[in-house]
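Reproduced below: upload_0.txt, with compact mmCIF, C-alpha atoms (C1' of nucleotides).
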```txt
# COMPACT_ATOMS: atom_id res chain seq x y z
CA MET A 1 -18.07 19.37 4.60
CA ASN A 2 -15.44 20.55 2.15
CA GLU A 3 -11.88 20.71 3.34
CA SER A 4 -9.70 23.44 1.89
CA THR A 5 -6.16 22.49 0.98
CA ALA A 6 -4.77 25.43 -0.99
CA ALA A 7 -2.16 27.41 0.95
CA PRO A 8 -1.44 30.78 -0.62
CA VAL A 9 0.15 33.43 1.54
CA MET A 10 -2.00 36.52 1.36
CA ASN A 11 -1.47 40.15 2.08
CA PHE A 12 -4.36 42.08 3.59
CA ALA A 13 -4.02 44.66 0.84
CA SER A 14 -4.68 42.03 -1.83
CA LEU A 15 -8.00 40.82 -0.44
CA GLY A 16 -10.14 43.56 -1.94
CA LEU A 17 -11.22 44.85 1.45
CA ALA A 18 -13.10 48.09 2.02
CA ALA A 19 -10.94 51.09 2.90
CA GLU A 20 -12.59 51.29 6.33
CA VAL A 21 -11.58 47.73 7.11
CA LEU A 22 -8.04 48.21 5.79
CA ALA A 23 -7.66 51.26 8.00
CA GLY A 24 -8.47 49.16 11.07
CA ILE A 25 -6.02 46.48 9.98
CA ARG A 26 -3.37 49.17 9.61
CA ASP A 27 -4.16 50.51 13.10
CA ALA A 28 -3.73 47.00 14.49
CA GLY A 29 -0.32 46.83 12.81
CA PHE A 30 -1.12 43.93 10.49
CA THR A 31 0.15 43.68 6.90
CA GLN A 32 0.74 40.03 6.08
CA CYS A 33 -1.94 37.43 6.75
CA THR A 34 -1.14 34.49 8.99
CA PRO A 35 -1.84 31.04 7.51
CA ILE A 36 -5.30 30.78 9.09
CA GLN A 37 -6.16 34.25 7.80
CA SER A 38 -4.80 33.45 4.32
CA ARG A 39 -6.92 30.34 4.10
CA THR A 40 -10.17 31.41 5.74
CA LEU A 41 -10.55 34.98 4.51
CA PRO A 42 -10.96 34.20 0.79
CA ILE A 43 -13.73 31.77 1.74
CA ALA A 44 -15.41 33.89 4.38
CA LEU A 45 -15.34 37.01 2.20
CA THR A 46 -17.60 35.26 -0.30
CA GLY A 47 -20.14 34.92 2.50
CA ALA A 48 -19.63 31.18 2.83
CA ASP A 49 -19.54 29.37 6.17
CA VAL A 50 -16.18 28.39 7.53
CA ALA A 51 -14.81 26.30 10.39
CA GLY A 52 -11.21 27.18 11.15
CA GLN A 53 -8.64 25.35 13.23
CA ALA A 54 -5.17 26.77 13.80
CA GLN A 55 -2.61 26.76 16.58
CA THR A 56 -2.91 29.08 19.56
CA GLY A 57 -1.78 32.65 19.00
CA THR A 58 -1.89 32.55 15.20
CA GLY A 59 -4.55 35.15 14.50
CA LYS A 60 -7.91 33.43 14.50
CA THR A 61 -9.67 36.40 16.08
CA ALA A 62 -8.57 38.83 13.40
CA ALA A 63 -9.58 36.29 10.76
CA PHE A 64 -13.22 36.32 11.77
CA LEU A 65 -13.34 40.01 12.67
CA VAL A 66 -12.03 41.13 9.29
CA ALA A 67 -14.47 38.88 7.48
CA LEU A 68 -17.31 40.09 9.65
CA TYR A 69 -16.65 43.79 9.06
CA GLN A 70 -16.24 43.37 5.34
CA THR A 71 -19.55 41.51 5.20
CA LEU A 72 -21.42 44.09 7.22
CA LEU A 73 -20.01 46.97 5.15
CA THR A 74 -20.76 45.44 1.78
CA ARG A 75 -24.07 43.73 2.40
CA ALA A 76 -27.23 45.58 3.29
CA PRO A 77 -29.02 44.79 6.51
CA LEU A 78 -31.68 42.11 6.08
CA PRO A 79 -35.18 43.36 5.27
CA GLY A 80 -37.11 44.27 8.40
CA HIS A 81 -33.97 45.23 10.32
CA ALA A 82 -35.06 47.20 13.40
CA SER A 83 -33.20 49.38 15.88
CA THR A 84 -32.95 46.44 18.28
CA SER A 85 -31.60 44.08 15.59
CA ILE A 86 -28.07 42.75 15.92
CA ARG A 87 -26.17 42.36 12.64
CA ALA A 88 -23.34 40.18 13.97
CA LEU A 89 -23.17 38.01 17.08
CA ILE A 90 -19.94 36.69 18.57
CA VAL A 91 -20.19 34.21 21.44
CA ALA A 92 -17.26 33.29 23.69
CA PRO A 93 -16.95 30.86 26.62
CA THR A 94 -15.51 33.22 29.24
CA ARG A 95 -16.13 36.82 30.21
CA GLU A 96 -12.50 37.84 29.89
CA LEU A 97 -12.30 36.42 26.40
CA ALA A 98 -15.44 38.30 25.40
CA VAL A 99 -13.86 41.50 26.72
CA GLN A 100 -10.68 40.84 24.76
CA ILE A 101 -12.55 40.17 21.51
CA HIS A 102 -14.48 43.38 22.04
CA HIS A 103 -11.22 45.24 22.49
CA ASP A 104 -9.83 43.78 19.25
CA ALA A 105 -13.09 44.57 17.50
CA GLU A 106 -12.93 48.19 18.58
CA THR A 107 -9.50 48.49 16.99
CA LEU A 108 -10.25 46.62 13.78
CA GLY A 109 -13.71 48.13 13.39
CA ARG A 110 -12.93 51.67 14.47
CA HIS A 111 -13.34 53.16 11.01
CA THR A 112 -16.42 51.21 10.00
CA GLY A 113 -18.95 53.34 11.84
CA LEU A 114 -20.52 50.15 13.19
CA ARG A 115 -21.49 50.08 16.85
CA HIS A 116 -20.04 47.38 19.13
CA ALA A 117 -20.95 46.16 22.56
CA VAL A 118 -19.87 43.40 24.90
CA VAL A 119 -22.15 41.84 27.48
CA TYR A 120 -21.24 39.34 30.18
CA GLY A 121 -22.25 38.40 33.69
CA GLY A 122 -21.12 39.54 37.08
CA ILE A 123 -20.97 43.25 36.45
CA ASP A 124 -22.66 46.38 35.09
CA TYR A 125 -26.13 44.97 34.49
CA ASP A 126 -27.95 48.23 33.81
CA LYS A 127 -25.00 49.85 32.07
CA GLN A 128 -24.70 47.04 29.55
CA ARG A 129 -28.43 47.09 29.04
CA ARG A 130 -28.46 50.81 28.29
CA THR A 131 -25.65 50.35 25.78
CA LEU A 132 -27.67 47.70 23.99
CA GLU A 133 -30.78 49.83 24.01
CA ALA A 134 -28.94 52.58 22.20
CA GLY A 135 -28.63 50.23 19.21
CA ILE A 136 -25.78 47.86 18.40
CA ASP A 137 -24.50 46.26 15.19
CA VAL A 138 -21.85 43.89 16.51
CA LEU A 139 -22.64 42.15 19.79
CA ILE A 140 -20.06 40.13 21.67
CA GLY A 141 -20.88 38.21 24.81
CA THR A 142 -21.05 35.15 27.00
CA PRO A 143 -24.14 32.95 26.77
CA GLY A 144 -25.87 33.63 30.09
CA ARG A 145 -26.02 37.40 29.93
CA LEU A 146 -26.83 37.34 26.21
CA ILE A 147 -29.83 35.11 26.85
CA ASP A 148 -30.88 37.21 29.82
CA TYR A 149 -31.12 40.39 27.73
CA TYR A 150 -32.56 38.49 24.79
CA LYS A 151 -35.44 37.24 26.91
CA GLN A 152 -36.14 40.81 27.94
CA HIS A 153 -36.29 41.84 24.28
CA VAL A 154 -33.36 44.21 24.71
CA PHE A 155 -32.16 43.00 21.30
CA ASP A 156 -33.34 40.62 18.61
CA LEU A 157 -31.53 38.14 16.38
CA LYS A 158 -34.11 37.88 13.60
CA HIS A 159 -31.93 39.85 11.18
CA THR A 160 -28.48 38.69 12.22
CA GLN A 161 -26.20 38.21 9.22
CA THR A 162 -23.10 36.79 10.87
CA LEU A 163 -22.58 34.37 13.74
CA VAL A 164 -19.19 33.58 15.25
CA LEU A 165 -18.57 30.88 17.83
CA ASP A 166 -15.09 31.40 19.23
CA GLU A 167 -13.52 28.43 21.01
CA ALA A 168 -16.25 26.54 19.24
CA ASP A 169 -15.41 23.13 20.66
CA ARG A 170 -15.88 24.52 24.15
CA MET A 171 -19.18 26.07 23.13
CA PHE A 172 -20.45 22.63 22.15
CA ASP A 173 -19.44 21.17 25.53
CA LEU A 174 -22.18 19.80 27.71
CA GLY A 175 -22.18 22.85 29.96
CA PHE A 176 -22.74 25.29 27.10
CA ILE A 177 -24.64 23.39 24.45
CA ALA A 178 -28.12 24.17 25.73
CA ASP A 179 -27.45 27.92 25.80
CA ILE A 180 -25.81 27.82 22.38
CA ARG A 181 -28.75 25.97 20.89
CA TYR A 182 -31.09 28.51 22.46
CA LEU A 183 -29.30 31.34 20.69
CA LEU A 184 -28.86 29.47 17.39
CA ARG A 185 -32.57 28.70 17.21
CA ARG A 186 -33.33 32.41 17.36
CA LEU A 187 -31.05 33.36 14.48
CA PRO A 188 -32.14 33.25 10.85
CA PRO A 189 -31.73 29.72 9.43
CA PRO A 190 -28.19 28.67 8.41
CA GLN A 191 -28.88 29.38 4.72
CA ARG A 192 -29.74 32.99 5.44
CA ARG A 193 -26.75 33.89 7.58
CA GLN A 194 -23.00 33.33 7.67
CA SER A 195 -21.63 31.12 10.44
CA MET A 196 -18.00 30.93 11.46
CA LEU A 197 -16.44 28.57 13.99
CA PHE A 198 -12.92 28.83 15.30
CA SER A 199 -10.71 26.97 17.76
CA ALA A 200 -7.22 25.54 18.10
CA THR A 201 -8.89 22.24 18.89
CA LEU A 202 -11.78 21.38 16.59
CA SER A 203 -12.60 17.71 16.74
CA TYR A 204 -14.69 15.96 14.12
CA ARG A 205 -17.16 15.15 16.86
CA VAL A 206 -17.68 18.87 17.41
CA LEU A 207 -17.82 19.58 13.70
CA GLU A 208 -20.56 17.00 13.39
CA LEU A 209 -22.56 18.74 16.10
CA ALA A 210 -21.94 22.11 14.50
CA TYR A 211 -22.77 20.98 10.99
CA GLU A 212 -26.52 21.05 11.52
CA HIS A 213 -26.25 24.74 12.37
CA MET A 214 -24.12 25.63 9.36
CA ASN A 215 -24.59 25.91 5.61
CA ASN A 216 -22.18 23.63 3.77
CA PRO A 217 -19.18 24.95 5.68
CA GLU A 218 -15.63 24.85 4.41
CA LEU A 219 -13.23 23.29 6.89
CA VAL A 220 -9.81 24.86 7.16
CA ARG A 221 -7.21 23.18 9.34
CA ILE A 222 -3.70 24.54 9.64
CA GLU A 223 -1.20 21.79 10.41
CA PRO A 224 -3.82 19.70 12.22
CA ASP A 225 -1.19 17.20 13.35
CA LYS A 226 0.80 19.91 15.10
CA LYS A 227 -1.50 21.03 17.89
CA THR A 228 1.15 22.94 19.85
CA VAL A 229 3.39 25.73 18.61
CA ALA A 230 7.09 25.19 18.08
CA GLY A 231 8.01 28.14 20.32
CA VAL A 232 6.87 26.35 23.48
CA ARG A 233 9.48 24.30 25.29
CA GLN A 234 7.52 21.61 27.06
CA ILE A 235 8.80 19.72 30.05
CA MET A 236 7.29 17.25 32.50
CA TYR A 237 8.22 16.60 36.11
CA TYR A 238 6.97 13.73 38.21
CA PRO A 239 6.84 15.09 41.76
CA ALA A 240 5.35 13.30 44.73
CA MET A 241 2.32 15.10 46.14
CA GLU A 242 4.32 16.72 48.95
CA GLU A 243 6.98 17.88 46.48
CA LYS A 244 4.66 19.89 44.27
CA ILE A 245 4.80 23.13 46.23
CA PRO A 246 8.55 23.04 47.02
CA LEU A 247 9.23 22.24 43.36
CA LEU A 248 6.99 25.01 42.09
CA ILE A 249 8.53 27.58 44.38
CA GLY A 250 12.03 26.32 43.68
CA LEU A 251 11.47 26.66 39.95
CA LEU A 252 9.81 30.07 40.30
CA ARG A 253 12.79 31.33 42.27
CA GLN A 254 15.40 30.04 39.87
CA ASN A 255 13.47 31.16 36.80
CA GLU A 256 13.18 34.77 37.82
CA ALA A 257 10.20 34.59 35.52
CA ARG A 258 8.55 37.90 34.98
CA ARG A 259 5.17 36.77 33.81
CA THR A 260 4.01 33.33 34.86
CA MET A 261 0.64 31.60 34.65
CA ILE A 262 0.03 28.65 36.94
CA PHE A 263 -2.92 26.44 36.06
CA VAL A 264 -4.72 24.29 38.58
CA ASN A 265 -7.75 22.05 38.19
CA THR A 266 -10.05 23.40 40.88
CA LYS A 267 -11.13 26.73 42.29
CA ARG A 268 -10.19 25.53 45.75
CA MET A 269 -6.65 24.71 44.66
CA ALA A 270 -6.35 28.15 43.08
CA GLU A 271 -7.24 29.70 46.41
CA ARG A 272 -4.88 27.47 48.40
CA LEU A 273 -1.97 28.00 46.06
CA GLU A 274 -2.51 31.75 46.13
CA ALA A 275 -2.30 31.72 49.93
CA THR A 276 0.84 29.59 49.87
CA LEU A 277 2.65 31.69 47.28
CA ARG A 278 1.73 34.92 49.01
CA ALA A 279 2.94 33.55 52.35
CA ASN A 280 6.28 33.01 50.59
CA ASP A 281 6.57 36.51 49.22
CA PHE A 282 5.33 36.02 45.69
CA HIS A 283 3.15 38.65 44.15
CA ALA A 284 0.43 36.25 43.08
CA GLN A 285 -3.31 36.43 42.56
CA ALA A 286 -5.79 33.68 41.81
CA LEU A 287 -8.29 33.93 38.99
CA SER A 288 -11.28 31.62 39.02
CA GLY A 289 -15.02 31.66 38.68
CA ASP A 290 -15.27 32.17 42.45
CA VAL A 291 -13.53 35.54 42.25
CA PRO A 292 -15.78 38.61 41.95
CA GLN A 293 -15.86 39.86 38.38
CA ALA A 294 -14.32 43.25 39.11
CA LYS A 295 -11.33 41.51 40.68
CA ARG A 296 -11.07 39.06 37.77
CA LEU A 297 -10.76 41.95 35.38
CA ARG A 298 -8.34 43.81 37.62
CA PHE A 299 -6.04 40.81 38.11
CA LEU A 300 -5.94 40.20 34.39
CA ARG A 301 -5.24 43.86 33.65
CA ASP A 302 -2.46 43.95 36.26
CA PHE A 303 -0.97 40.78 34.83
CA HIS A 304 -1.22 42.23 31.34
CA ASN A 305 0.49 45.45 32.38
CA GLY A 306 3.27 43.68 34.23
CA ASP A 307 2.07 44.87 37.65
CA LEU A 308 1.36 41.28 38.64
CA ALA A 309 4.05 38.64 38.15
CA VAL A 310 2.20 35.44 38.91
CA LEU A 311 -1.34 34.59 37.92
CA ILE A 312 -2.82 31.39 39.30
CA ALA A 313 -5.82 30.28 37.30
CA THR A 314 -8.38 27.60 36.67
CA ASP A 315 -9.37 26.83 33.11
CA VAL A 316 -11.30 30.10 33.10
CA ALA A 317 -8.06 31.53 31.71
CA SER A 318 -6.95 28.61 29.56
CA ARG A 319 -8.54 29.69 26.29
CA GLY A 320 -8.07 32.57 23.93
CA LEU A 321 -6.53 35.12 26.26
CA HIS A 322 -3.67 36.97 24.65
CA ILE A 323 -1.15 38.27 27.17
CA PRO A 324 2.12 39.30 25.55
CA GLU A 325 5.33 38.19 27.18
CA VAL A 326 4.03 35.35 29.27
CA SER A 327 7.35 33.60 29.82
CA HIS A 328 6.20 30.51 31.69
CA VAL A 329 3.07 28.41 31.97
CA PHE A 330 2.90 25.86 34.75
CA ASN A 331 0.45 23.01 34.88
CA PHE A 332 0.60 22.62 38.65
CA ASP A 333 -2.20 20.13 38.10
CA LEU A 334 -2.13 18.24 34.83
CA PRO A 335 -5.38 19.03 33.00
CA GLN A 336 -7.88 16.22 32.70
CA ASP A 337 -8.62 17.07 29.11
CA ALA A 338 -5.98 16.88 26.39
CA ALA A 339 -7.39 19.88 24.51
CA ASP A 340 -7.12 21.95 27.69
CA TYR A 341 -3.40 21.14 27.84
CA VAL A 342 -2.99 22.60 24.35
CA HIS A 343 -4.95 25.74 25.25
CA ARG A 344 -3.20 26.28 28.58
CA ILE A 345 0.33 26.08 27.22
CA GLY A 346 -0.87 28.21 24.32
CA ARG A 347 -0.95 31.22 26.68
CA THR A 348 2.79 31.47 26.06
CA ALA A 349 4.79 31.60 22.83
CA ARG A 350 2.13 33.55 20.97
CA ALA A 351 2.63 35.21 17.61
CA GLY A 352 6.02 33.63 17.06
CA ALA A 353 7.39 34.24 20.58
CA GLN A 354 9.11 31.67 22.80
CA GLY A 355 7.99 30.31 26.14
CA ASP A 356 8.24 27.49 28.64
CA ALA A 357 5.48 25.09 29.61
CA ILE A 358 6.29 23.16 32.76
CA SER A 359 3.91 20.44 33.87
CA PHE A 360 3.66 18.37 37.02
CA ALA A 361 2.38 14.85 36.64
CA CYS A 362 1.63 13.48 40.08
CA GLU A 363 -0.56 10.64 41.17
CA GLU A 364 -3.81 12.58 41.27
CA TYR A 365 -3.95 13.51 37.58
CA ALA A 366 -1.16 11.57 35.86
CA VAL A 367 -3.71 9.17 34.41
CA GLY A 368 -4.50 11.76 31.76
CA LEU A 369 -0.93 11.98 30.47
CA PRO A 370 -1.12 9.26 27.81
CA ASP A 371 -4.19 10.97 26.36
CA ILE A 372 -2.39 14.29 26.23
CA GLU A 373 0.69 12.85 24.55
CA GLN A 374 -1.39 10.99 22.03
CA TYR A 375 -3.39 14.13 21.30
CA ILE A 376 -0.38 16.38 20.73
CA GLY A 377 1.34 13.59 18.84
CA HIS A 378 4.53 13.30 20.82
CA LYS A 379 5.99 12.48 24.21
CA ILE A 380 6.59 15.41 26.54
CA PRO A 381 10.24 15.33 27.59
CA SER A 382 10.68 14.81 31.30
CA ALA A 383 13.42 15.86 33.68
CA PRO A 384 14.47 14.41 37.03
CA ILE A 385 13.85 16.35 40.22
CA THR A 386 17.06 16.94 42.13
CA PRO A 387 17.07 17.98 45.80
CA ASP A 388 18.47 21.42 45.01
CA MET A 389 15.38 22.19 42.94
CA LEU A 390 13.08 21.92 45.94
CA ALA A 391 12.63 25.09 47.94
CA THR A 392 13.19 24.74 51.66
CA GLY A 393 12.20 26.79 54.69
CA LEU A 394 8.79 27.55 53.25
CA THR A 395 6.13 29.36 55.22
CA ALA A 396 2.80 27.60 55.51
CA ALA A 397 -0.19 29.54 54.26
CA GLN A 398 -2.16 31.29 56.96
CA PRO A 399 -5.39 29.35 57.29
CA GLY A 400 -7.30 32.62 57.46
CA PRO A 401 -11.00 32.93 58.15
CA GLU A 402 -12.95 29.88 57.03
CA ARG A 403 -14.58 30.95 53.82
CA ARG A 404 -18.20 30.07 53.41
CA ARG A 405 -18.81 28.13 50.22
CA PRO A 406 -22.12 27.71 48.50
CA PRO A 407 -23.14 24.05 48.30
CA ARG A 408 -22.21 22.37 45.04
CA ARG A 409 -25.01 22.61 42.59
CA GLY A 410 -25.39 18.93 41.90
CA GLN A 411 -25.71 18.15 45.57
CA THR A 412 -28.30 20.85 46.09
CA HIS A 413 -30.47 19.58 43.29
CA SER A 414 -30.30 15.95 44.27
CA ALA A 415 -30.98 16.86 47.89
CA GLN A 416 -34.03 18.81 46.86
CA ARG A 417 -35.25 16.20 44.46
CA SER A 418 -34.93 13.29 46.86
CA GLY A 419 -36.18 15.29 49.82
CA ALA A 420 -32.93 14.26 51.43
CA ALA A 421 -32.46 13.63 55.07
CA ARG A 422 -30.19 16.54 55.86
CA PRO A 423 -31.98 19.27 57.81
CA PRO A 424 -32.23 22.48 55.78
CA SER A 425 -30.42 24.90 58.02
CA ARG A 426 -28.07 23.51 60.64
CA ARG A 427 -25.97 20.39 60.52
CA ALA A 428 -26.55 18.04 63.41
CA GLY A 429 -23.44 18.38 65.47
CA GLY A 430 -19.96 19.75 65.69
CA LYS A 431 -18.15 22.18 63.53
CA PRO A 432 -18.74 22.78 59.86
CA ARG A 433 -17.20 20.11 57.73
CA ARG A 434 -14.63 21.10 55.22
CA SER A 435 -14.67 18.61 52.41
CA ARG A 436 -11.30 16.96 51.70
C1' DA B 1 -14.20 15.39 36.68
C1' DA B 2 -13.90 20.34 36.97
C1' DA B 3 -14.60 24.46 35.02
C1' DA B 4 -17.40 27.99 32.78
C1' DA B 5 -21.84 30.60 32.21
C1' DA B 6 -27.57 35.08 34.51
C1' DC B 7 -30.07 37.35 38.09
```

Please express what this file holds, its structure, as structure tokens.
Amino acid sequence: MNESTAAPVMNFASLGLAAEVLAGIRDAGFTQCTPIQSRTLPIALTGADVAGQAQTGTGKTAAFLVALYQTLLTRAPLPGHASTSIRALIVAPTRELAVQIHHDAETLGRHTGLRHAVVYGGIDYDKQRRTLEAGIDVLIGTPGRLIDYYKQHVFDLKHTQTLVLDEADRMFDLGFIADIRYLLRRLPPPQRRQSMLFSATLSYRVLELAYEHMNNPELVRIEPDKKTVAGVRQIMYYPAMEEKIPLLIGLLRQNEARRTMIFVNTKRMAERLEATLRANDFHAQALSGDVPQAKRLRFLRDFHNGDLAVLIATDVASRGLHIPEVSHVFNFDLPQDAADYVHRIGRTARAGAQGDAISFACEEYAVGLPDIEQYIGHKIPSAPITPDMLATGLTAAQPGPERRRPPRRGQTHSAQRSGAARPPSRRAGGKPRRSR
DNA sequence: AAAAAAC
């Protein structure tokens, strides 16, 4: 893999782009390229493969979208192109990110005459299908729903000219890799298409995995030793378990933060924290994979519009989402994965803005802290917790109706496979057990 | 280790 080192600062007008693409760039309000755009566009516009790493909020999405539109406008569809053929495929790891990319694509591609669609699970099955059946050039989606429609021959990938994997390192994670390989195997071979990979955290391990699906890609890394942006003020507290909630609420009250994201490590914790914050008069909603899709989209839209002050989230919201004016990001639970720390705090201080990232390291997850600090290349400054910071007189969350949870997948499978002892329907005695 | 991702 070649690694690009030149660092010219480009202007969009100097890239020789088609008028239709420039018009979209103008609509989006862009004139000067960001570093990642300056370095990847000259490569990508030749049709070459590129893997791009740059800090959160520095314009990676526009980099691949501009390249993609220019390619589609200036290169003819591949021979045999049919009405069901997709010319460009963009895959993202979460539904909300797919929606956001689609939104950006509609702006940047508005004048190209190309047809866009986004497909993702949990909503609008027949509607999305009908959109695809009408004929689409640029298809954005999450793996599951894409494969679902693909298997039903709603579209084909035989003539796809451009592939983009956004948050590429995530897409090569264990949970996604099988689906990604499924899609990649159905595209033209690497030599006959353009492949682009982007993320703020591209490890060489991931690049190695990706390499077999790419054609002599150029690697572009912007300040690879500086994983986090300068505009984020990072701070670490070391609360005891029972201090976490009083500390969080104390800080929320004193911050008068208008737009705050609070990350937790589990769906259950998202739910519990939502109940606790609401019981204490915060306008908060929890976003996780357990939340119905329509609500997920509504919470995010409300948060975006400023109608929701506090968004509690699992890592479903840690990557790619661009919400202007997020003032504070809390890691109520320290993430287990160092890259996730970078992505989470990257929800604030985007596009040159400032923001605060406040993390709690307590016994449960503090073991991951050395990894995180090594990964970002510096210690995270810590501050002592003084009694006045802890909120008092808090209301306990209403327990509410016991919510029925589907059994965890792993347990189900192993139970089935081993023909396990537990009777299928009713547990032997007593009330339903709530784990932990 | 959890989370995400199809019906």

Problem - Shell around DA6 (chain B) at 9 Å using all atoms listed in the file, local window under 5 positions removed, as a list of chain:residue names - result: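 What passes the distance filter is A:Tyr120, A:Gly121, A:Gly122, A:Pro143, A:Gly144, A:Arg145, A:Leu146, A:Ile147, A:Asp148.
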
Practice task
Extract, using all atoms listed in the file, all DNA, RNA and protein residues at most 9 Å from DA4 (chain B), discarding same-chain residues fewer than 3 positions from it, and format them as a count of residues only.
Solution key: 7

Practice task
Point out the residue among A:Leu174, A:Ile136, A:Leu73, A:Val342 with the least atom-to-atom distance to chain B, counting all atoms listed in the file.
Solution key: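 Smallest distance to chain B is found for A:Leu174.
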
Handout entry: Point-to-point distance in Å for CA of Val99 (chain A) and CA of Leu184 (chain A)
Key =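 Result for CA of Leu184 (chain A) versus CA of Val99 (chain A): 21.4 Å, one decimal.
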
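Minimum atom-to-atom distance to DC7 (chain B), evaluated using all atoms listed in the file, belongs to A:Ile123 out of A:Ile123, A:Pro384, A:Asn11, A:Ala76.
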
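Here CA of Leu187 (chain A) stands at a distance of 20.3 Å from CA of Thr74 (chain A).
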
Practice task
List the neighbours of region 207-212 of chain A out to 10 Å using only C-alpha atoms (C1' of nucleotides); skip same-chain residues closer than 5 positions along the sequence, and give me the result as a list of chain:residue names.
Solution key: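 Here the qualifying residues turn out to be A:Met1, A:Ala51, A:Leu165, A:Ala168, A:Asp169, A:Met171, A:Phe172, A:Ile177, A:Pro190, A:Ser195, A:Leu197, A:Leu202, A:Pro217, A:Leu219.
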
Leu72 (chain A) surroundings by only C-alpha atoms (C1' of nucleotides), 10 Å radius, close-in-sequence under 4 positions cut, as a PDB file with C-alpha atoms, keeping the file's coordinate frame:
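Result file follows (part.pdb):
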```
ATOM      1  CA  ALA A  67     -14.470  38.880   7.480  1.00  0.00           C
ATOM      2  CA  LEU A  68     -17.310  40.090   9.650  1.00  0.00           C
ATOM      3  CA  ALA A  76     -27.230  45.580   3.290  1.00  0.00           C
ATOM      4  CA  PRO A  77     -29.020  44.790   6.510  1.00  0.00           C
ATOM      5  CA  ARG A  87     -26.170  42.360  12.640  1.00  0.00           C
ATOM      6  CA  ALA A  88     -23.340  40.180  13.970  1.00  0.00           C
ATOM      7  CA  THR A 112     -16.420  51.210  10.000  1.00  0.00           C
ATOM      8  CA  LEU A 114     -20.520  50.150  13.190  1.00  0.00           C
ATOM      9  CA  ASP A 137     -24.500  46.260  15.190  1.00  0.00           C
ATOM     10  CA  VAL A 138     -21.850  43.890  16.510  1.00  0.00           C
ATOM     11  CA  GLN A 161     -26.200  38.210   9.220  1.00  0.00           C
ATOM     12  CA  THR A 162     -23.100  36.790  10.870  1.00  0.00           C
TER      13      THR A 162
END
```

Handout entry: Atomic distance CA of Ser318 (chain A) - CA of Gly346 (chain A), expressed in Å with one decimal
Key = 8.0 Å

Practice task
Return the single residue from A:Val229, A:Ala317, A:Leu394, A:Ala200 that is closest to DA3 (chain B), with distances computed using all atoms listed in the file.
Solution key: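 Ranking A:Val229, A:Ala317, A:Leu394, A:Ala200 by distance to DA3 (chain B), first place goes to A:Ala317.
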
Problem - Local residues around (14.7, 12.8, 39.7), at most 9 Å away, using only C-alpha atoms (C1' of nucleotides), as a ChimeraX atom specification - result: /A:237-239,383-387

Expected file contents, prior selection, C-alpha atoms, as a PDB file, in the frame of the given file:
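The resulting file, selection28.pdb, is shown below:
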```pdb
ATOM      1  CA  TYR A 237       8.220  16.600  36.110  1.00  0.00           C
ATOM      2  CA  TYR A 238       6.970  13.730  38.210  1.00  0.00           C
ATOM      3  CA  PRO A 239       6.840  15.090  41.760  1.00  0.00           C
ATOM      4  CA  ALA A 383      13.420  15.860  33.680  1.00  0.00           C
ATOM      5  CA  PRO A 384      14.470  14.410  37.030  1.00  0.00           C
ATOM      6  CA  ILE A 385      13.850  16.350  40.220  1.00  0.00           C
ATOM      7  CA  THR A 386      17.060  16.940  42.130  1.00  0.00           C
ATOM      8  CA  PRO A 387      17.070  17.980  45.800  1.00  0.00           C
TER       9      PRO A 387
END
```

Practice task
Take the point (-21.9, 44.0, 26.6) as written in the file and pick out every residue within 6 Å of it, counting all atoms listed in the file; give the list as a ChimeraX atom specification.
Solution key: /A:117-120,128
